[in-house]
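What's in query19.cif: mmCIF, C-alpha atoms; chains and numbers go by the auth columns
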```cif
data_query
#
loop_
_atom_site.group_PDB
_atom_site.id
_atom_site.type_symbol
_atom_site.label_atom_id
_atom_site.label_comp_id
_atom_site.label_asym_id
_atom_site.label_seq_id
_atom_site.Cartn_x
_atom_site.Cartn_y
_atom_site.Cartn_z
_atom_site.B_iso_or_equiv
_atom_site.auth_seq_id
_atom_site.auth_asym_id
ATOM 1 C CA MET A 1 0.000 0.000 0.000 0.00 993 A
ATOM 2 C CA ASN A 2 1.300 3.418 -0.988 0.00 994 A
ATOM 3 C CA ARG A 3 1.473 5.722 2.033 0.00 995 A
ATOM 4 C CA TYR A 4 2.691 8.768 0.111 0.00 996 A
ATOM 5 C CA LYS A 5 0.460 11.367 -1.420 0.00 997 A
ATOM 6 C CA PRO A 6 0.843 11.537 -5.214 0.00 998 A
ATOM 7 C CA ALA A 7 1.514 15.293 -5.091 0.00 999 A
ATOM 8 C CA LEU A 8 4.621 14.689 -2.991 0.00 1000 A
ATOM 9 C CA LEU A 9 6.086 12.325 -5.563 0.00 1001 A
ATOM 10 C CA ILE A 10 5.950 14.789 -8.454 0.00 1002 A
ATOM 11 C CA PRO A 11 9.324 16.530 -8.854 0.00 1003 A
ATOM 12 C CA ASP A 12 9.331 20.341 -8.905 0.00 1004 A
ATOM 13 C CA PHE A 13 10.791 20.580 -12.408 0.00 1005 A
ATOM 14 C CA VAL A 14 7.718 18.844 -13.875 0.00 1006 A
ATOM 15 C CA LYS A 15 5.571 21.822 -12.890 0.00 1007 A
ATOM 16 C CA PHE A 16 7.738 24.091 -15.038 0.00 1008 A
ATOM 17 C CA MET A 17 8.047 21.969 -18.173 0.00 1009 A
ATOM 18 C CA LEU A 18 6.921 23.105 -21.588 0.00 1010 A
ATOM 19 C CA ASN A 19 3.369 21.882 -22.107 0.00 1011 A
ATOM 20 C CA LYS A 20 3.075 18.823 -24.347 0.00 1012 A
ATOM 21 C CA LYS A 21 0.854 20.647 -26.859 0.00 1013 A
ATOM 22 C CA ASN A 22 3.637 23.238 -27.253 0.00 1014 A
ATOM 23 C CA ARG A 23 6.352 20.713 -28.142 0.00 1015 A
ATOM 24 C CA LEU A 24 7.302 20.061 -31.743 0.00 1016 A
ATOM 25 C CA ALA A 25 8.247 16.402 -31.435 0.00 1017 A
ATOM 26 C CA LYS A 26 7.109 14.393 -34.449 0.00 1018 A
ATOM 27 C CA ASP A 27 9.761 13.725 -37.081 0.00 1019 A
ATOM 28 C CA ARG A 28 7.440 14.533 -40.003 0.00 1020 A
ATOM 29 C CA ASP A 29 6.514 17.895 -38.464 0.00 1021 A
ATOM 30 C CA ILE A 30 10.174 18.767 -37.918 0.00 1022 A
ATOM 31 C CA LYS A 31 11.064 17.816 -41.503 0.00 1023 A
ATOM 32 C CA LYS A 32 8.144 19.939 -42.767 0.00 1024 A
ATOM 33 C CA VAL A 33 9.416 22.995 -40.879 0.00 1025 A
ATOM 34 C CA PHE A 34 12.965 22.450 -42.171 0.00 1026 A
ATOM 35 C CA ALA A 35 11.667 22.127 -45.747 0.00 1027 A
ATOM 36 C CA ARG A 36 9.099 24.938 -45.831 0.00 1028 A
ATOM 37 C CA GLY A 37 10.015 27.232 -42.942 0.00 1029 A
ATOM 38 C CA ARG A 38 11.589 30.671 -43.084 0.00 1030 A
ATOM 39 C CA SER A 39 15.173 30.913 -41.791 0.00 1031 A
ATOM 40 C CA PHE A 40 16.650 33.513 -39.463 0.00 1032 A
ATOM 41 C CA PHE A 41 20.257 33.625 -38.284 0.00 1033 A
ATOM 42 C CA SER A 42 22.314 35.042 -35.428 0.00 1034 A
ATOM 43 C CA PRO A 43 25.851 34.301 -34.201 0.00 1035 A
ATOM 44 C CA PHE A 44 24.476 31.725 -31.731 0.00 1036 A
ATOM 45 C CA PHE A 45 21.324 30.348 -33.375 0.00 1037 A
ATOM 46 C CA ASN A 46 19.646 29.276 -36.592 0.00 1038 A
ATOM 47 C CA LEU A 47 15.882 29.667 -36.343 0.00 1039 A
ATOM 48 C CA LYS A 48 13.369 27.981 -38.630 0.00 1040 A
ATOM 49 C CA PHE A 49 9.787 29.209 -38.422 0.00 1041 A
ATOM 50 C CA LEU A 50 6.666 27.954 -40.162 0.00 1042 A
ATOM 51 C CA ASN A 51 3.368 29.734 -39.640 0.00 1043 A
ATOM 52 C CA SER A 52 1.101 26.728 -39.185 0.00 1044 A
ATOM 53 C CA GLY A 53 -1.834 28.790 -37.951 0.00 1045 A
ATOM 54 C CA GLY A 54 -2.367 26.660 -34.853 0.00 1046 A
ATOM 55 C CA SER A 55 -0.744 26.977 -31.491 0.00 1047 A
ATOM 56 C CA LEU A 56 2.896 27.667 -30.772 0.00 1048 A
ATOM 57 C CA ARG A 57 5.087 24.551 -31.006 0.00 1049 A
ATOM 58 C CA PHE A 58 8.797 24.576 -30.304 0.00 1050 A
ATOM 59 C CA THR A 59 11.882 22.368 -30.341 0.00 1051 A
ATOM 60 C CA ALA A 60 15.571 23.017 -29.731 0.00 1052 A
ATOM 61 C CA VAL A 61 18.311 21.107 -31.560 0.00 1053 A
ATOM 62 C CA VAL A 62 21.748 20.873 -29.970 0.00 1054 A
ATOM 63 C CA SER A 63 24.286 18.710 -31.783 0.00 1055 A
ATOM 64 C CA THR A 64 27.413 17.110 -30.370 0.00 1056 A
ATOM 65 C CA LYS A 65 29.391 19.831 -32.180 0.00 1057 A
ATOM 66 C CA VAL A 66 28.088 22.273 -29.570 0.00 1058 A
ATOM 67 C CA SER A 67 29.321 20.129 -26.686 0.00 1059 A
ATOM 68 C CA LYS A 68 30.412 16.530 -26.419 0.00 1060 A
ATOM 69 C CA ARG A 69 28.876 16.332 -22.951 0.00 1061 A
ATOM 70 C CA ALA A 70 25.170 15.483 -22.847 0.00 1062 A
ATOM 71 C CA VAL A 71 24.856 17.306 -19.526 0.00 1063 A
ATOM 72 C CA LYS A 72 25.877 20.595 -21.170 0.00 1064 A
ATOM 73 C CA ARG A 73 23.632 20.044 -24.217 0.00 1065 A
ATOM 74 C CA ASN A 74 20.632 19.240 -22.022 0.00 1066 A
ATOM 75 C CA ARG A 75 21.266 22.312 -19.858 0.00 1067 A
ATOM 76 C CA LEU A 76 21.297 24.544 -22.931 0.00 1068 A
ATOM 77 C CA LYS A 77 17.993 23.035 -24.097 0.00 1069 A
ATOM 78 C CA ARG A 78 16.432 23.533 -20.656 0.00 1070 A
ATOM 79 C CA ILE A 79 17.476 27.209 -20.605 0.00 1071 A
ATOM 80 C CA ILE A 80 16.009 27.791 -24.075 0.00 1072 A
ATOM 81 C CA ARG A 81 12.766 25.936 -23.306 0.00 1073 A
ATOM 82 C CA GLU A 82 12.337 27.909 -20.081 0.00 1074 A
ATOM 83 C CA PHE A 83 12.729 31.180 -22.007 0.00 1075 A
ATOM 84 C CA VAL A 84 10.087 30.012 -24.479 0.00 1076 A
ATOM 85 C CA ARG A 85 7.739 28.881 -21.696 0.00 1077 A
ATOM 86 C CA LEU A 86 7.965 32.241 -19.935 0.00 1078 A
ATOM 87 C CA ASN A 87 7.545 34.269 -23.156 0.00 1079 A
ATOM 88 C CA MET A 88 4.870 32.230 -24.940 0.00 1080 A
ATOM 89 C CA THR A 89 2.359 35.067 -24.802 0.00 1081 A
ATOM 90 C CA ASN A 90 4.815 37.342 -26.644 0.00 1082 A
ATOM 91 C CA LEU A 91 5.653 34.874 -29.422 0.00 1083 A
ATOM 92 C CA ALA A 92 3.757 34.524 -32.700 0.00 1084 A
ATOM 93 C CA SER A 93 1.936 31.226 -33.097 0.00 1085 A
ATOM 94 C CA GLY A 94 3.562 28.676 -35.387 0.00 1086 A
ATOM 95 C CA ASP A 95 6.244 26.007 -35.412 0.00 1087 A
ATOM 96 C CA TYR A 96 9.755 26.931 -34.252 0.00 1088 A
ATOM 97 C CA ILE A 97 12.994 24.971 -34.589 0.00 1089 A
ATOM 98 C CA LEU A 98 15.981 26.531 -32.871 0.00 1090 A
ATOM 99 C CA VAL A 99 19.355 25.069 -33.859 0.00 1091 A
ATOM 100 C CA LEU A 100 22.141 26.077 -31.498 0.00 1092 A
ATOM 101 C CA LYS A 101 25.577 26.821 -32.943 0.00 1093 A
ATOM 102 C CA PRO A 102 28.826 25.688 -31.233 0.00 1094 A
ATOM 103 C CA LYS A 103 29.654 29.286 -30.235 0.00 1095 A
ATOM 104 C CA VAL A 104 26.724 29.319 -27.794 0.00 1096 A
ATOM 105 C CA ALA A 105 28.365 26.788 -25.433 0.00 1097 A
ATOM 106 C CA MET A 106 31.014 29.366 -24.444 0.00 1098 A
ATOM 107 C CA GLU A 107 28.539 32.186 -23.816 0.00 1099 A
ATOM 108 C CA GLN A 108 26.965 33.146 -20.502 0.00 1100 A
ATOM 109 C CA GLU A 109 23.305 32.223 -20.061 0.00 1101 A
ATOM 110 C CA LYS A 110 22.009 35.788 -19.856 0.00 1102 A
ATOM 111 C CA TYR A 111 23.740 36.785 -23.120 0.00 1103 A
ATOM 112 C CA MET A 112 22.468 33.657 -24.813 0.00 1104 A
ATOM 113 C CA VAL A 113 18.883 34.466 -23.830 0.00 1105 A
ATOM 114 C CA LEU A 114 19.286 38.124 -24.852 0.00 1106 A
ATOM 115 C CA SER A 115 20.638 37.026 -28.221 0.00 1107 A
ATOM 116 C CA LEU A 116 17.640 34.740 -28.712 0.00 1108 A
ATOM 117 C CA LYS A 117 15.227 37.531 -27.804 0.00 1109 A
ATOM 118 C CA LYS A 118 16.985 39.892 -30.229 0.00 1110 A
ATOM 119 C CA LEU A 119 16.774 37.274 -32.996 0.00 1111 A
ATOM 120 C CA LEU A 120 13.041 36.815 -32.409 0.00 1112 A
ATOM 121 C CA ILE A 121 12.465 40.587 -32.447 0.00 1113 A
ATOM 122 C CA THR A 122 14.382 41.107 -35.701 0.00 1114 A
ATOM 123 C CA ALA A 123 12.487 38.184 -37.246 0.00 1115 A
ATOM 124 C CA GLY A 124 9.216 39.878 -36.292 0.00 1116 A
ATOM 125 C CA LEU A 125 8.116 36.908 -34.162 0.00 1117 A
ATOM 126 C CA TYR A 126 8.308 38.600 -30.756 0.00 1118 A
ATOM 127 C CA LYS A 127 5.748 41.186 -29.686 0.00 1119 A
ATOM 128 C CA HIS A 128 7.175 44.049 -27.667 0.00 1120 A
ATOM 129 C CA GLU A 129 5.697 44.847 -24.280 0.00 1121 A
#
```

Please express the file's structure as structure tokens.
Amino acid sequence: MNRYKPALLIPDFVKFMLNKKNRLAKDRDIKKVFARGRSFFSPFFNLKFLNSGGSLRFTAVVSTKVSKRAVKRNRLKRIIREFVRLNMTNLASGDYILVLKPKVAMEQEKYMVLSLKKLLITAGLYKHE
């Protein structure tokens, strides 16, 4: 018999994850965005955007060229996803693929996030407050 309450077993990070409906996860959807999406570039990121008309869906791609260590790659993805989760109301709806460049691994987190915000603003995908 389980004596623990289910709420106590849920880790804190689960409460702050990107909602499942906002994840771009299927291979065919990702290939469609790569094939048909508009491209935007910055020193740290390549952004592919496809206006699908529905809700906002997002994925981050971090190759082993960025860092050989999975811990570092996963941390970068978590930072990017958290930025997206907090700024979803300011982003245009559509499908986003963010490919991180190797240069981003050497940058501080705050500059990385500022660079992403600047890229989204110049692409016309971020609404100013």

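Residues matching the PyMOL selection byres ((chain A and resi 1012-1019) around 10) in this structure come to Met1009, Leu1010, Asn1011, Arg1020, Asp1021, Ile1022, Lys1023, Lys1024, Val1025, Ser1047, Leu1048, Arg1049, Phe1050, Thr1051, Ala1052, Arg1073, Val1076, Arg1077, Met1080, Gly1086, Asp1087, Tyr1088 and Ile1089 of chain A.
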
| request: Kindly resolve the PyMOL selection byres ((chain A and resi 1040-1043) around 7) on the present coordinates and return the residues as a list in words. | output: Val1025, Phe1026, Arg1028, Gly1029, Arg1030, Ser1031, Phe1032, Asn1038, Leu1039, Ser1044, Gly1045, Ser1085, Gly1086, Asp1087, Tyr1088, Ile1089 and Leu1090 of chain A

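Taking CA of Lys1069 (chain A) and CA of Val1054 (chain A) as endpoints, the distance between them is 7.3 Å.
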
| request: Would you work out the distance separating CA of Met1098 (chain A) from CA of Val1063 (chain A), expressed in Å to one decimal? | output: 14.4 Å

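Computed from the coordinates, the CA of Gly1046 (chain A) to CA of Leu1083 (chain A) distance equals 12.7 Å.
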
Using the file's own x, y and z axes, so that the box edges lie along x, y and z, what centre and edge lengths in Å (one decimal) does a box around every listed atom of region 1011-1016 of chain A get when 4 Å is added on each side? Give it as JSON.
```
{"center_x": 4.1, "center_y": 21.0, "center_z": -26.9, "size_x": 14.4, "size_y": 12.4, "size_z": 17.6}
```

Within 8 Å of region 1107-1116 of chain A, counting only C-alpha atoms, which residues show up once you throw out same-chain ones fewer than 4 positions away? Write them as a compact mmCIF listing (two decimals) with C-alpha atoms, keeping the file's coordinate frame, please.
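Result went into selection.txt, see below:
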```
# COMPACT_ATOMS: atom_id res chain seq x y z
CA PHE A 1032 16.65 33.51 -39.46
CA PHE A 1033 20.26 33.62 -38.28
CA SER A 1034 22.31 35.04 -35.43
CA PHE A 1036 24.48 31.72 -31.73
CA PHE A 1037 21.32 30.35 -33.38
CA TYR A 1103 23.74 36.78 -23.12
CA HIS A 1120 7.18 44.05 -27.67
```

| remark: In terms of all atoms listed in the file, the residue from A:Ile1072, A:Leu1106, A:Leu1092, A:Ala1097 at minimal distance from Lys1060 (chain A) is A:Ala1097

| Residue among A:Leu1117, A:Ile1071, A:Ala1084, A:Val1091 lying closest to Val1105 (chain A), counting only C-alpha atoms | A:Ile1071
